[in-house]
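Engineer: My questions will all concern the structure given below.
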Amino acid sequence: MKNSISKKLAPLIEFFEEFKKDKTGVVGLCILVLAIMVSLIEPLLLTYKEAPKRWRDITYWQDNPASAAPEWLNFFQREKSAITTDIKPISVETNYIDGELNYKAVFEYDYKFDKSPVDLIFHANVNGSTGLIWNVTRPDGAVITLSDSLHNISGDLRISSFNDSKNRIFRFYRDSVPRILARQIDTITTNPMKILFNTKKDDMAKNFQALKGIYKFEVSGKFAGDNSSFEDPYIVLVGSMSGIMGTDNMKRDIFSGLVSGLKWALFIGIATSFISVIIGVMYGIISAYFGGFVDNAMQFIYQIFIGIPVLPVMIVISAIFKPSIWTMITMMIFFSWTGSVMTVRSMAMQLKEETYIEAARTIGAGHFRIIFNHLAPLLLPFSFASMALAVPSAIVYESSLSLLGLGDASIVTWGQILHDAMKGSAVLSGLWWWIIPPGILIAILGMSFAFLGFALDKILHPKLRSR
């Protein structure tokens, strides 16, 4: 029993021994395994869990800064920029007094950056009608009321200091400087955060010097009526840096987009190459086996297909029909099956003359039994290299179509990220983190399959080892 198992595993063991000698193949395999692992644990890696479903929902990204640089760039800057941070409350108190729900949430944040944030946003899940007061006590002891307003809402309550507290912050500025200087501030172009987080001085409207230290935020109020609630309060300090890979001009987290696009790159590449190569292998076997008129007709069709300019035709078809990932995969399969036909055909023409094929015919085996039971099992292993080498082409085709705005907008792909970067003038704006990462990932993933393909080609075609 053990001997029979070892005999069956011997070719596989020999294959892996040969494969380990090819360093580029090992590198390609490691990259592929890493990509598959990242795809499997995607929900754990995503900074924004609903990014794949709500990539084009602008309300989902509204708390992010637009065109923000990656956080790690702060390590290379002398003056540190504010990093987008969620501030959790240090205490939340709720109690009923005379049938009214009273609440109070206290937050503290130690501001250590040299540049001002972009916004300060309060969130809470509330139900009912409430009068809400939001105060901030600065490190210098100054108290500013950011909001004093009535709200009747069931769901997410959102208050933006940039939009809703601007006049109150500018009033604090006018009260803090001499009257002659109070009129010098441009309330239209000046970000109120540059006043709120600035050291109190006469020229604070023009020169920003961060007031570092503990900022204490207090949100309080009460609800009128029954069935009221005040839950999950938090504050978002919106900085000019955000996330591992920054944001685009629509405030979307680029890292979440890159992680979400990986599974589609793998799926499109592997599915397209696998199906198209299988079709090509079977086409070549059938053409060689029957020969004569069948072979001539099939080769005539093959010549027509290889003469078609694939990308221009796919662009035209994508422009006519509604962009869909399934339409795209179908088109790529339709035009990509020709790659392995001639190689398989030449090998099949030699194999069909072997004595065991003649013996199969003699005992009455049918054509398709010979093709699927005798020829295909021998030739399919040689197509593995073709499958691996066909993956980069499929990934590039999808990226090219998406770059031209002809991709499936219902999913997130690296090509679509590049398309949005092109539309958003990322190059002119200097947003390199929006352009370079997806381009590098397309190149690395394609390179991993190319390395695998070349390694498999050398092992399965021994004549290539001497090249």
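Letters A, B, ... mark the chains of the structure tokens in the order given; residue numbers begin at 1 per chain; ligand numbers begin at 1, in order shown.
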Skipping near chain neighbours, those fewer than 4 positions away, what residues fall within 9 Å of stretch 192-203 of chain A using only C-alpha atoms, listed as a PyMOL selection string?

Structural biologist: chain A and resi 111+115-120+138+140+144+161-162+165-167+169-170+172-173+176-178+181+187+207-212

Engineer: Using only C-alpha atoms, what table do you get, as a tab-separated table, when you list each residue of stretch 335-388 of chain A with an atom no more than 12 Å from stretch 306-330 of chain A, its nearest pair of atoms, and their distance in Å rounded to one decimal, rows by chain then rising number?

Structural biologist:
residue	atom	partner	partner_atom	distance
A:Phe335	CA	A:Val310	CA	6.5
A:Ser336	CA	A:Val310	CA	8.4
A:Trp337	CA	A:Ile306	CA	9.5
A:Thr338	CA	A:Ile306	CA	6.8
A:Gly339	CA	A:Ile306	CA	8.7
A:Ser340	CA	A:Ile306	CA	11.6
A:Val341	CA	A:Ile306	CA	10.7
A:Met342	CA	A:Ile306	CA	11.4

Engineer: Just list as a list in words whatever in stretch 133-180 of chain A DSSP marks as strand (DSSP E or B).

Structural biologist: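 In stretch 133-180 of chain A, DSSP puts these residues in strand (DSSP E or B): Ile133, Trp134, Asn135, Val136, Thr137, Val143, Ile144, Thr145, Leu146, Ser147, Asp148, Ser149, Leu150, His151, Asn152, Ile153, Ser154, Gly155, Asp156, Leu157, Arg158, Ile159 and Ser160 of chain A.
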
Engineer: When distances are computed from only C-alpha atoms, which of A:Pro139, A:Gly246, A:Gly99, A:Pro233 shows the smallest separation from A:Tyr215?

Structural biologist: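 Answer, going by the shortest atom-to-atom distance: A:Pro139.
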
Engineer: Residues at most 12 Å from A:Lys49, counting only C-alpha atoms, excluding those fewer than 2 positions away in the same chain, as a short mmCIF file (atom, residue, chain, number, x, y, z; two decimals) with C-alpha atoms, in the first residue's frame?

Structural biologist:
data_model
loop_
_atom_site.label_atom_id
_atom_site.label_comp_id
_atom_site.auth_asym_id
_atom_site.auth_seq_id
_atom_site.Cartn_x
_atom_site.Cartn_y
_atom_site.Cartn_z
CA ILE A 41 -8.41 37.85 5.41
CA GLU A 42 -9.64 40.96 3.59
CA PRO A 43 -12.35 41.81 6.21
CA LEU A 44 -9.68 41.87 8.93
CA LEU A 45 -7.38 44.17 6.95
CA LEU A 46 -9.94 46.70 5.75
CA THR A 47 -9.83 49.99 7.65
CA ALA A 51 -15.57 49.93 1.54
CA PRO A 52 -16.18 47.26 -1.17
CA LYS A 53 -19.95 47.85 -1.10
CA ARG A 54 -19.94 51.63 -0.57
CA TRP A 55 -16.89 52.69 -2.54
CA TYR A 60 -19.68 56.87 3.79
CA TRP A 61 -16.41 58.82 3.43
CA ASP A 253 -9.36 55.44 1.78
CA PHE A 255 -5.61 51.30 1.21
CA SER A 256 -9.15 49.88 1.51
CA GLY A 257 -9.54 50.21 -2.26
CA VAL A 259 -7.13 45.52 -0.61
CA SER A 260 -10.65 45.27 -2.06
#

Engineer: Please determine, counting only C-alpha atoms, which residue among A:Ser276, A:Leu404, A:Glu93, A:Tyr289 has the shortest atom-to-atom distance to A:Phe368.

Structural biologist: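 Closest to A:Phe368, using only C-alpha atoms: A:Tyr289.
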
Engineer: Which residue gives the smallest distance to A:Ile83 among A:Asn152, A:Ser228, A:Leu146, A:Gly239, with only C-alpha atoms counted?

Structural biologist: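 Among the listed residues, A:Gly239 lies closest to A:Ile83.
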